[in-house]
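Structure data follow from work.tsv (TSV, C-alpha atoms):
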```
chain	number	residue	atom	x	y	z
F	2	MET	CA	0.00	0.00	0.00
F	3	MET	CA	2.89	2.33	0.71
F	4	MET	CA	3.61	4.94	-1.99
F	5	LYS	CA	1.39	3.14	-4.41
F	6	TRP	CA	0.56	6.45	-6.06
F	7	THR	CA	3.42	8.39	-7.59
F	8	ASP	CA	3.53	12.16	-7.45
F	9	ASP	CA	3.15	12.24	-11.24
F	10	THR	CA	-0.05	10.22	-11.10
F	11	LEU	CA	-1.53	12.42	-8.39
F	12	MET	CA	-0.52	15.52	-10.34
F	13	ALA	CA	-2.28	14.16	-13.42
F	14	PHE	CA	-5.33	13.38	-11.26
F	15	VAL	CA	-5.51	16.93	-9.94
F	16	ASP	CA	-5.01	18.33	-13.46
F	17	GLY	CA	-7.88	16.23	-14.79
F	18	GLU	CA	-5.63	14.14	-17.06
F	19	LEU	CA	-6.55	10.61	-15.93
F	20	ASP	CA	-9.12	8.35	-17.57
F	21	ALA	CA	-12.27	7.27	-15.77
F	22	ALA	CA	-10.85	3.94	-14.54
F	23	GLN	CA	-7.72	5.53	-13.05
F	24	ARG	CA	-9.80	8.28	-11.48
F	25	ALA	CA	-12.11	5.72	-9.90
F	26	ASP	CA	-9.10	3.85	-8.44
F	27	ILE	CA	-7.81	7.01	-6.81
F	28	GLU	CA	-11.24	8.06	-5.58
F	29	ARG	CA	-11.62	4.72	-3.82
F	30	ALA	CA	-8.16	5.01	-2.30
F	31	LEU	CA	-8.85	8.60	-1.19
F	32	ALA	CA	-11.79	7.55	0.90
F	33	ALA	CA	-9.60	5.20	2.92
F	34	ASP	CA	-6.21	6.89	3.01
F	35	ALA	CA	-5.72	10.12	4.95
F	36	ALA	CA	-2.11	10.58	3.81
F	37	LEU	CA	-3.19	10.30	0.19
F	38	ARG	CA	-5.95	12.84	0.78
F	39	GLN	CA	-3.39	15.20	2.19
F	40	ARG	CA	-1.17	14.90	-0.90
F	41	VAL	CA	-4.10	15.43	-3.26
F	42	THR	CA	-5.35	18.37	-1.23
F	43	ALA	CA	-1.91	20.01	-1.25
F	44	LEU	CA	-1.67	19.71	-5.03
F	45	THR	CA	-5.22	20.96	-5.50
F	46	MET	CA	-4.73	23.91	-3.18
F	47	GLN	CA	-1.54	24.86	-4.98
F	48	ARG	CA	-3.26	24.78	-8.35
F	49	GLU	CA	-6.11	26.94	-7.05
F	50	ARG	CA	-3.73	29.30	-5.31
F	51	VAL	CA	-1.66	29.92	-8.44
F	52	ALA	CA	-4.79	30.36	-10.58
F	53	ALA	CA	-6.25	32.78	-8.03
F	54	ALA	CA	-3.03	34.83	-7.98
F	55	PHE	CA	-3.34	35.65	-11.69
F	56	ALA	CA	-7.15	35.71	-11.96
F	57	PRO	CA	-7.47	39.46	-11.19
F	58	VAL	CA	-5.70	40.25	-14.49
F	59	LEU	CA	-8.92	39.20	-16.25
F	60	ASP	CA	-10.81	42.01	-14.52
F	61	GLU	CA	-8.34	44.72	-15.50
F	62	PRO	CA	-9.45	47.00	-18.32
F	63	VAL	CA	-7.67	46.01	-21.54
F	64	PRO	CA	-5.38	48.90	-22.57
F	65	ASP	CA	-6.60	50.64	-25.68
F	66	ARG	CA	-3.31	50.10	-27.47
F	67	LEU	CA	-4.21	46.38	-27.48
F	68	ALA	CA	-7.97	46.56	-28.04
F	69	GLY	CA	-7.41	49.14	-30.78
F	70	LEU	CA	-5.35	46.65	-32.82
F	71	LEU	CA	-8.41	44.48	-33.32
F	72	ARG	CA	-11.10	47.06	-33.91
F	73	PRO	CA	-12.41	47.37	-37.46
F	74	SER	CA	-10.46	50.33	-38.82
F	75	SER	CA	-13.58	52.34	-39.63
F	76	MET	CA	-14.70	52.27	-36.01
F	77	PRO	CA	-13.49	55.07	-33.73
F	78	PRO	CA	-12.04	54.04	-30.37
F	79	ALA	CA	-14.80	53.52	-27.86
F	80	ALA	CA	-15.00	55.95	-25.01
F	81	ALA	CA	-13.89	54.22	-21.83
F	82	PRO	CA	-17.04	53.03	-20.10
F	83	VAL	CA	-17.01	54.60	-16.69
F	84	ASN	CA	-19.76	53.21	-14.60
F	85	LEU	CA	-18.75	53.81	-11.03
F	86	ASP	CA	-21.49	51.63	-9.63
F	87	GLU	CA	-20.36	48.66	-11.67
F	88	ARG	CA	-16.78	49.24	-10.77
F	89	ARG	CA	-17.61	49.48	-7.10
F	90	ALA	CA	-19.70	46.32	-7.32
F	91	ALA	CA	-16.81	44.50	-8.98
F	92	ARG	CA	-14.43	45.68	-6.29
F	93	GLU	CA	-16.76	44.58	-3.55
F	94	ARG	CA	-17.20	41.20	-5.20
F	95	SER	CA	-13.46	40.68	-5.27
F	96	ALA	CA	-13.09	41.97	-1.73
F	97	ARG	CA	-15.31	39.12	-0.60
F	98	LEU	CA	-12.98	36.55	-2.13
F	99	PRO	CA	-10.70	35.92	0.83
F	100	SER	CA	-13.34	34.20	2.90
F	101	TRP	CA	-13.97	31.50	0.28
F	102	ALA	CA	-11.84	28.93	-1.42
F	103	GLN	CA	-13.48	28.43	-4.77
F	104	TRP	CA	-13.49	25.21	-6.66
F	105	GLY	CA	-15.07	26.28	-9.90
F	106	GLY	CA	-12.79	24.67	-12.45
F	107	LEU	CA	-12.06	21.38	-10.76
F	108	ALA	CA	-13.21	17.91	-11.68
F	109	ALA	CA	-15.81	16.51	-9.31
F	110	SER	CA	-13.49	13.72	-8.22
F	111	VAL	CA	-10.78	16.17	-7.23
F	112	LEU	CA	-13.24	18.31	-5.35
F	113	MET	CA	-14.38	15.28	-3.42
F	114	GLY	CA	-10.77	14.60	-2.47
F	115	VAL	CA	-10.55	18.09	-1.08
F	116	LEU	CA	-13.79	17.77	0.84
F	117	LEU	CA	-12.68	14.46	2.31
F	118	GLY	CA	-9.35	16.01	3.17
F	119	MET	CA	-10.96	18.75	5.17
F	120	GLN	CA	-11.66	17.98	8.73
F	121	PHE	CA	-15.39	18.10	8.86
F	122	LYS	CA	-17.05	17.20	12.07
F	123	PRO	CA	-18.35	13.65	11.95
F	124	GLY	CA	-22.10	13.64	11.81
F	125	GLY	CA	-22.19	17.31	10.88
F	126	ALA	CA	-23.97	18.67	7.87
F	127	ASP	CA	-20.70	19.07	6.03
F	128	LEU	CA	-20.27	15.48	4.99
F	129	ALA	CA	-23.49	15.86	3.09
F	130	ILE	CA	-21.97	15.79	-0.38
F	131	GLU	CA	-21.52	12.47	-2.16
F	132	LEU	CA	-19.55	11.50	-5.21
F	133	ARG	CA	-21.29	9.18	-7.64
F	134	ASP	CA	-20.15	8.42	-11.21
F	135	GLY	CA	-17.96	11.50	-11.27
F	136	GLN	CA	-20.75	13.76	-10.13
F	137	LEU	CA	-21.28	15.50	-6.83
F	138	LEU	CA	-24.70	14.95	-5.28
F	139	ALA	CA	-26.29	16.57	-2.27
F	140	GLY	CA	-26.86	14.14	0.57
F	141	GLY	CA	-27.78	14.17	4.24
F	142	ALA	CA	-28.79	17.49	5.72
F	143	VAL	CA	-28.13	19.41	2.50
F	144	GLU	CA	-30.37	17.12	0.45
F	145	LYS	CA	-33.07	17.35	3.08
F	146	ALA	CA	-32.90	21.13	3.19
F	147	LEU	CA	-33.02	21.40	-0.61
F	148	ALA	CA	-36.12	19.23	-0.70
F	149	SER	CA	-38.04	20.88	2.09
F	150	GLN	CA	-36.78	24.30	3.20
F	151	LEU	CA	-38.22	27.43	1.61
F	152	ALA	CA	-35.87	30.28	0.75
F	153	SER	CA	-38.75	32.61	1.49
F	154	GLN	CA	-38.92	31.31	5.06
F	155	PRO	CA	-35.41	31.13	6.46
F	156	VAL	CA	-35.08	28.79	9.42
F	157	VAL	CA	-32.96	30.48	12.06
F	158	GLY	CA	-30.40	28.12	13.53
F	159	ALA	CA	-30.82	25.40	10.89
F	160	PRO	CA	-27.52	23.77	9.81
F	161	VAL	CA	-28.31	24.45	6.16
F	162	ALA	CA	-29.70	27.65	4.64
F	163	VAL	CA	-31.37	27.91	1.23
F	164	GLN	CA	-31.22	31.34	-0.41
F	165	LEU	CA	-32.54	31.20	-3.98
F	166	SER	CA	-34.76	28.90	-6.01
F	167	PHE	CA	-35.09	29.18	-9.78
F	168	VAL	CA	-35.70	27.28	-13.01
F	169	ASP	CA	-32.62	26.81	-15.17
F	170	LYS	CA	-32.35	27.00	-18.95
F	171	GLY	CA	-32.82	23.23	-19.18
F	172	GLY	CA	-36.11	23.46	-17.24
F	173	SER	CA	-34.86	21.95	-13.97
F	174	TYR	CA	-35.23	23.48	-10.55
F	175	CYS	CA	-32.01	24.78	-9.01
F	176	ARG	CA	-31.35	26.08	-5.51
F	177	THR	CA	-28.43	27.66	-3.70
F	178	PHE	CA	-27.49	26.43	-0.25
F	179	SER	CA	-24.93	27.07	2.43
F	180	THR	CA	-23.67	25.54	5.64
F	181	ALA	CA	-21.16	27.00	8.07
F	182	ALA	CA	-18.34	25.51	5.99
F	183	MET	CA	-19.52	25.60	2.37
F	184	ALA	CA	-21.92	27.11	-0.12
F	185	GLY	CA	-23.10	25.88	-3.48
F	186	LEU	CA	-25.66	25.57	-6.22
F	187	ALA	CA	-27.54	22.30	-6.85
F	188	CYS	CA	-30.02	21.42	-9.59
F	189	LYS	CA	-32.64	18.68	-9.55
F	190	GLN	CA	-31.58	15.74	-11.66
F	191	GLY	CA	-33.97	12.82	-11.51
F	192	GLU	CA	-34.51	12.16	-7.81
F	193	ARG	CA	-31.28	13.79	-6.65
F	194	TRP	CA	-29.77	17.25	-6.45
F	195	ALA	CA	-26.58	17.51	-8.53
F	196	VAL	CA	-24.09	20.04	-7.18
F	197	GLN	CA	-23.11	22.48	-9.94
F	198	SER	CA	-20.86	24.83	-8.04
F	199	LEU	CA	-19.29	24.64	-4.63
F	200	ALA	CA	-17.12	26.87	-2.49
F	201	THR	CA	-15.70	26.07	0.90
F	202	ALA	CA	-15.04	28.53	3.68
F	203	ALA	CA	-11.32	29.02	3.34
F	204	SER	CA	-10.28	29.40	6.93
F	205	THR	CA	-12.46	29.26	9.99
F	206	PRO	CA	-16.04	28.49	9.10
F	207	ALA	CA	-18.39	31.40	9.64
F	208	SER	CA	-20.03	31.35	13.02
F	209	ALA	CA	-23.48	31.60	11.48
F	210	VAL	CA	-24.92	29.95	8.41
F	211	ARG	CA	-25.32	32.61	5.75
F	212	GLN	CA	-28.96	33.30	5.08
F	213	ALA	CA	-28.71	36.05	2.49
F	214	ALA	CA	-28.06	35.39	-1.19
F	215	SER	CA	-25.76	38.41	-1.21
F	216	ALA	CA	-23.44	36.54	1.14
F	217	LEU	CA	-22.92	33.71	-1.35
F	218	PRO	CA	-19.43	33.41	-2.83
F	219	PRO	CA	-18.94	34.98	-6.28
F	220	ALA	CA	-18.34	31.61	-7.96
F	221	VAL	CA	-21.74	30.36	-6.81
F	222	LEU	CA	-23.47	33.60	-7.83
F	223	SER	CA	-21.89	33.45	-11.24
F	224	ALA	CA	-23.01	29.81	-11.63
F	225	VAL	CA	-26.55	31.06	-10.87
F	226	ASP	CA	-26.19	33.81	-13.49
F	227	GLN	CA	-25.13	31.28	-16.09
F	228	ARG	CA	-27.99	28.86	-15.49
F	229	ILE	CA	-30.97	30.95	-14.51
F	230	ALA	CA	-33.83	31.34	-17.00
F	231	GLY	CA	-35.82	34.43	-16.05
F	232	ASP	CA	-36.10	35.43	-12.41
F	233	ALA	CA	-35.80	33.56	-9.15
F	234	LEU	CA	-39.04	32.00	-7.93
F	235	ASP	CA	-41.26	34.14	-5.71
F	236	SER	CA	-42.52	32.65	-2.48
F	237	ALA	CA	-45.80	31.35	-3.93
F	238	HIS	CA	-44.14	29.58	-6.85
F	239	GLU	CA	-41.40	28.26	-4.62
F	240	ARG	CA	-43.94	26.72	-2.28
F	241	GLN	CA	-45.83	25.16	-5.21
F	242	ALA	CA	-42.63	23.70	-6.60
F	243	ARG	CA	-41.70	22.21	-3.25
F	244	ASP	CA	-45.12	20.73	-2.75
F	245	ARG	CA	-44.79	19.02	-6.14
F	246	GLY	CA	-41.43	17.57	-5.09
F	247	TRP	CA	-39.49	19.90	-7.40
F	248	ARG	CA	-40.71	17.95	-10.42
F	249	ARG	CA	-41.77	19.84	-13.52
I	23	MET	CA	-13.16	36.90	-46.97
I	24	ALA	CA	-13.03	40.22	-45.19
I	25	ASP	CA	-15.76	38.90	-42.93
I	26	SER	CA	-13.94	35.75	-41.85
I	27	SER	CA	-10.83	37.77	-41.11
I	28	GLN	CA	-12.90	40.15	-38.99
I	29	ASN	CA	-14.35	37.13	-37.17
I	30	VAL	CA	-10.88	35.98	-36.20
I	31	ARG	CA	-10.06	39.53	-35.09
I	32	ASP	CA	-13.17	39.56	-32.92
I	33	GLU	CA	-12.26	36.22	-31.40
I	34	ILE	CA	-8.73	37.39	-30.66
I	35	ALA	CA	-10.18	40.56	-29.13
I	36	ALA	CA	-12.31	38.39	-26.84
I	37	LEU	CA	-9.16	36.51	-25.79
I	38	LEU	CA	-7.24	39.67	-24.84
I	39	PRO	CA	-7.85	39.39	-21.08
I	40	ARG	CA	-6.48	35.83	-21.10
I	41	LEU	CA	-3.57	36.75	-23.36
I	42	ARG	CA	-2.67	39.53	-20.92
I	43	ARG	CA	-2.86	37.05	-18.06
I	44	PHE	CA	-0.61	34.54	-19.83
I	45	GLY	CA	1.73	37.44	-20.59
I	46	ARG	CA	1.90	38.20	-16.89
I	47	THR	CA	3.18	34.69	-16.14
I	48	LEU	CA	5.85	34.93	-18.85
I	49	ALA	CA	6.99	38.53	-18.34
I	50	ARG	CA	7.40	39.70	-14.78
I	51	HIS	CA	6.30	43.26	-15.43
I	52	ARG	CA	2.91	44.52	-16.52
I	53	GLU	CA	4.26	46.76	-19.27
I	54	ASP	CA	6.50	44.00	-20.63
I	55	ALA	CA	3.52	41.63	-20.60
I	56	ASP	CA	1.34	44.06	-22.56
I	57	ASP	CA	4.20	44.72	-25.01
I	58	LEU	CA	4.37	40.98	-25.52
I	59	VAL	CA	0.62	40.73	-26.16
I	60	GLN	CA	0.88	43.61	-28.61
I	61	THR	CA	3.73	41.95	-30.53
I	62	ALA	CA	1.85	38.64	-30.63
I	63	VAL	CA	-1.40	40.22	-31.84
I	64	GLU	CA	0.45	42.12	-34.55
I	65	ARG	CA	2.14	38.91	-35.65
I	66	ALA	CA	-1.14	36.98	-35.57
I	67	LEU	CA	-2.94	39.58	-37.67
I	68	VAL	CA	-0.59	39.22	-40.61
I	69	ARG	CA	-1.05	35.46	-40.64
I	70	THR	CA	-4.66	34.82	-39.64
I	71	ASP	CA	-4.85	32.53	-42.68
I	72	GLN	CA	-2.41	30.18	-40.92
I	73	TRP	CA	-4.80	29.49	-38.09
I	74	GLN	CA	-6.78	26.28	-38.71
I	75	PRO	CA	-10.46	26.75	-37.94
I	76	GLY	CA	-11.54	23.97	-35.61
I	77	THR	CA	-8.31	24.14	-33.61
I	78	ARG	CA	-8.02	26.19	-30.45
I	79	LEU	CA	-7.41	29.83	-31.16
I	80	ASP	CA	-6.20	30.39	-27.60
I	81	SER	CA	-3.45	27.76	-28.02
I	82	TRP	CA	-2.44	29.31	-31.35
I	83	MET	CA	-2.15	32.74	-29.74
I	84	PHE	CA	-0.27	31.35	-26.72
I	85	ARG	CA	2.22	29.73	-29.09
I	86	ILE	CA	2.78	33.02	-30.91
I	87	MET	CA	3.25	34.75	-27.54
I	88	GLN	CA	5.67	32.12	-26.30
I	89	ASN	CA	7.77	32.42	-29.49
I	90	ALA	CA	7.68	36.22	-29.30
I	91	TRP	CA	8.82	36.00	-25.69
I	92	ILE	CA	11.78	33.79	-26.61
I	93	ASP	CA	12.71	36.26	-29.38
I	94	GLU	CA	12.46	39.19	-26.99
I	95	THR	CA	14.50	37.45	-24.30
I	96	ARG	CA	17.28	36.69	-26.79
I	97	ALA	CA	17.23	40.20	-28.22
I	98	ARG	CA	17.59	41.70	-24.77
I	99	GLU	CA	20.43	39.33	-23.95
I	100	ARG	CA	22.23	40.46	-27.10
I	101	ARG	CA	21.72	44.08	-26.13
I	102	GLY	CA	22.80	43.36	-22.58
I	103	GLN	CA	19.54	44.64	-21.12
I	104	THR	CA	17.65	43.02	-18.34
I	105	PHE	CA	13.97	43.08	-17.57
I	106	VAL	CA	12.75	45.43	-14.92
I	107	ALA	CA	11.67	43.52	-11.84
I	108	GLU	CA	8.07	43.95	-10.89
I	109	GLU	CA	7.60	46.08	-7.81
I	110	TYR	CA	4.97	43.94	-6.20
I	111	GLY	CA	5.40	45.71	-2.90
I	112	GLU	CA	3.97	48.97	-4.14
I	113	GLN	CA	0.58	47.37	-4.56
I	114	ILE	CA	0.11	46.81	-0.86
I	115	GLY	CA	-2.19	49.43	0.59
I	116	VAL	CA	-4.39	49.94	3.60
I	117	SER	CA	-7.29	48.05	2.07
I	118	THR	CA	-5.21	45.08	0.88
I	119	THR	CA	-6.91	41.81	1.76
I	120	ASP	CA	-5.33	38.53	2.80
I	121	ALA	CA	-6.17	37.09	-0.61
I	122	GLN	CA	-4.37	39.97	-2.32
I	123	ILE	CA	-1.33	39.54	-0.10
I	124	ASP	CA	-1.30	35.82	-0.91
I	125	ALA	CA	-1.68	36.57	-4.62
I	126	ILE	CA	1.34	38.88	-4.48
I	127	ALA	CA	3.40	36.20	-2.73
I	128	VAL	CA	2.41	33.60	-5.30
I	129	ARG	CA	3.15	35.91	-8.26
I	130	LYS	CA	6.54	36.70	-6.73
I	131	ALA	CA	7.24	32.98	-6.35
I	132	VAL	CA	6.25	32.32	-9.97
I	133	ALA	CA	8.52	35.19	-11.06
I	134	GLN	CA	11.46	33.36	-9.47
I	135	LEU	CA	11.01	30.31	-11.70
I	136	GLY	CA	12.95	29.92	-14.93
I	137	ASP	CA	11.40	30.76	-18.32
I	138	ASP	CA	10.47	27.14	-19.13
I	139	GLN	CA	8.80	26.56	-15.80
I	140	ARG	CA	6.88	29.85	-15.89
I	141	ALA	CA	5.47	28.89	-19.27
I	142	VAL	CA	4.12	25.53	-18.06
I	143	VAL	CA	2.72	27.08	-14.89
I	144	GLY	CA	0.98	29.73	-16.99
I	145	LEU	CA	-0.43	27.27	-19.52
I	146	VAL	CA	-1.52	24.44	-17.22
I	147	LEU	CA	-2.16	25.92	-13.78
I	148	VAL	CA	-3.37	29.39	-14.79
I	149	GLU	CA	-4.87	28.94	-18.26
I	150	GLY	CA	-6.06	25.40	-17.56
I	151	LEU	CA	-4.82	23.86	-20.82
I	152	PRO	CA	-4.75	20.05	-21.06
I	153	TYR	CA	-1.20	18.62	-21.06
I	154	LYS	CA	-1.45	17.76	-24.77
I	155	GLU	CA	-2.41	21.31	-25.78
I	156	ALA	CA	0.25	22.83	-23.51
I	157	ALA	CA	2.91	20.51	-24.95
I	158	GLU	CA	1.94	21.57	-28.48
I	159	VAL	CA	2.07	25.25	-27.57
I	160	LEU	CA	5.62	24.78	-26.29
I	161	GLY	CA	6.63	22.37	-29.04
I	162	VAL	CA	7.86	19.73	-26.59
I	163	PRO	CA	6.94	16.06	-26.01
I	164	ILE	CA	4.29	15.49	-23.35
I	165	GLY	CA	6.83	13.77	-21.07
I	166	THR	CA	8.96	16.91	-21.09
I	167	LEU	CA	5.90	18.98	-20.31
I	168	THR	CA	4.91	16.87	-17.30
I	169	SER	CA	8.41	16.74	-15.86
I	170	ARG	CA	8.77	20.52	-16.20
I	171	LEU	CA	5.40	20.93	-14.54
I	172	ALA	CA	6.33	18.62	-11.66
I	173	ARG	CA	9.62	20.46	-11.11
I	174	ALA	CA	7.89	23.83	-11.29
I	175	ARG	CA	5.37	22.73	-8.68
I	176	GLU	CA	8.10	21.52	-6.34
I	177	ALA	CA	10.04	24.74	-6.79
I	178	LEU	CA	6.97	26.87	-6.13
I	179	GLN	CA	6.17	24.94	-3.01
I	180	ALA	CA	9.71	25.34	-1.74
I	181	ILE	CA	9.74	29.10	-2.44
I	182	LEU	CA	6.38	29.66	-0.81
I	183	ALA	CA	7.22	27.51	2.21
I	184	GLY	CA	10.45	29.48	2.63
I	185	ALA	CA	8.65	32.81	2.37
I	186	GLU	CA	6.11	31.77	4.95
I	187	GLY	CA	8.81	30.56	7.31
I	188	THR	CA	10.46	33.98	7.38
I	189	ARG	CA	7.27	35.99	7.76
```

Could you render the structure from this file as structure tokens?
Amino acid sequence: MMMKWTDDTLMAFVDGELDAAQRADIERALAADAALRQRVTALTMQRERVAAAFAPVLDEPVPDRLAGLLRPSSMPPAAAPVNLDERRAARERSARLPSWAQWGGLAASVLMGVLLGMQFKPGGADLAIELRDGQLLAGGAVEKALASQLASQPVVGAPVAVQLSFVDKGGSYCRTFSTAAMAGLACKQGERWAVQSLATAASTPASAVRQAASALPPAVLSAVDQRIAGDALDSAHERQARDRGWRR
Amino acid sequence: MADSSQNVRDEIAALLPRLRRFGRTLARHREDADDLVQTAVERALVRTDQWQPGTRLDSWMFRIMQNAWIDETRARERRGQTFVAEEYGEQIGVSTTDAQIDAIAVRKAVAQLGDDQRAVVGLVLVEGLPYKEAAEVLGVPIGTLTSRLARAREALQAILAGAEGTR
């Protein structure tokens, strides 16, 4: 059992380069081997950390000397859009980043390795994410909250909060959720809720479960933006949807 | 004809934020990185007909950037000039968050890597290219790519661990 997995194999796993059979082998081993989880988590964290260090470049305005090279020659240079509200909103969004580690671009299997590697309290709501066939599914307290709790009626003190319910472009119901240690977006898929986006509290979990949608991490909010068709459900429609078991 | 060339221009324009980001992993200074993007875009525009539709335009642009960077590095060596080091410290202000401080430390660590290692870090860890695409951009076999990547990761970890130890 010792050193069965080489650093190169684990690196390829974290970079999403392994085939399904190899991934499944490692996933099984991860569940049983704390040292392996630690190695995978370290590699994953490093990848995320490096990506996060350069990510802000994407939000910088592109200098006109570059954008101008690609403009049709007949078109005059655009006046710089100065919308202070938008700029402030963008700054505030990025200022919220430090409290969340975001796992947007990672394969489900790698994410699961990270979740297993974190020291969640046994029996707590935080183990409530399962990996099945390369997909993350809500389980335990999260699954229960998604099925029954109404965003329009927050339950104070509940281990899981639900903030938004909406119909996605594919016609499925989707809901955001958070616990003290994580937040995410899940969409109904058959009988289960498939997790589409997940962020974990980077350092110490927040003392209170976040009730407000505005407190969701940017990665989760942007996943909502990408999927939502129309507006979020109002309280009457949300209640109807729940009473029908979130089937459409 | 004019239309398809304008389409490619539009697609390159949409890639500019990512090209600038890749430039920032290759060149250590913002102005050098934007100069590099500018050179690469100018080169790409005179040979848009060489890009194969159906292949990744981002990889094609990254390859042009990487080659332009090698040219620039050699030219500066011949002229005996060195690149200005990025003054990461000046960015720290009162409102700097922990995440920003960490980002600065990581960018500094990446800047300490050699040219080859910075390129693989930029392509795989930052731009998220599959190994095969990244190897093609750099014109190296996949085994070379993965060993460079493994060494770059070890080096980064060592630099960052050292920096944290002295904090």

ask   = Which value, in Å to one decimal, gives the distance between CA of Leu199 (chain F) and CA of Ala184 (chain F)?
value = 5.8 Å

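Closest to Leu151 (chain F) among F:Gln227, F:Gln190, F:Gln241, F:Ser173 is F:Gln241, based on all atoms listed in the file.
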
request  = Give me, as JSON, numbers by chain, the contact residues of chain I against chain F at a cut-off of 9 Å, counting all atoms listed in the file.
outcome  = {"I": [28, 31, 32, 34, 35, 38, 39, 40, 42, 43, 44, 46, 47, 56, 57, 59, 60, 63, 64, 67, 118, 119, 120, 121, 122, 124, 125, 126, 127, 128, 129, 132, 143, 144, 146, 147, 148, 149, 150, 152, 153, 168, 169, 172, 175, 178, 179]}

query = Mind pulling up the distance from CA of Val221 (chain F) to CA of Gly185 (chain F)?
reply = 5.7 Å

inquiry  = Restricting the calculation to all atoms listed in the file: of I:Leu167, I:Leu41, I:Glu53, I:Val30, which residue gets closest to Arg69 (chain I)?
reply    =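 Closest residue, counting all atoms listed in the file: I:Val30.
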
ask   = In Å to one decimal, how far is CA of Glu158 (chain I) from CA of Phe84 (chain I)?
value = 10.2 Å

query = If you count all atoms listed in the file, which residues fall within 12 Å of Arg245 (chain F), apart from same-chain ones fewer than 5 positions away, as a list of chain:residue names?
reply = F:Ala148, F:Ser149, F:Tyr174, F:His238, F:Glu239, F:Arg240
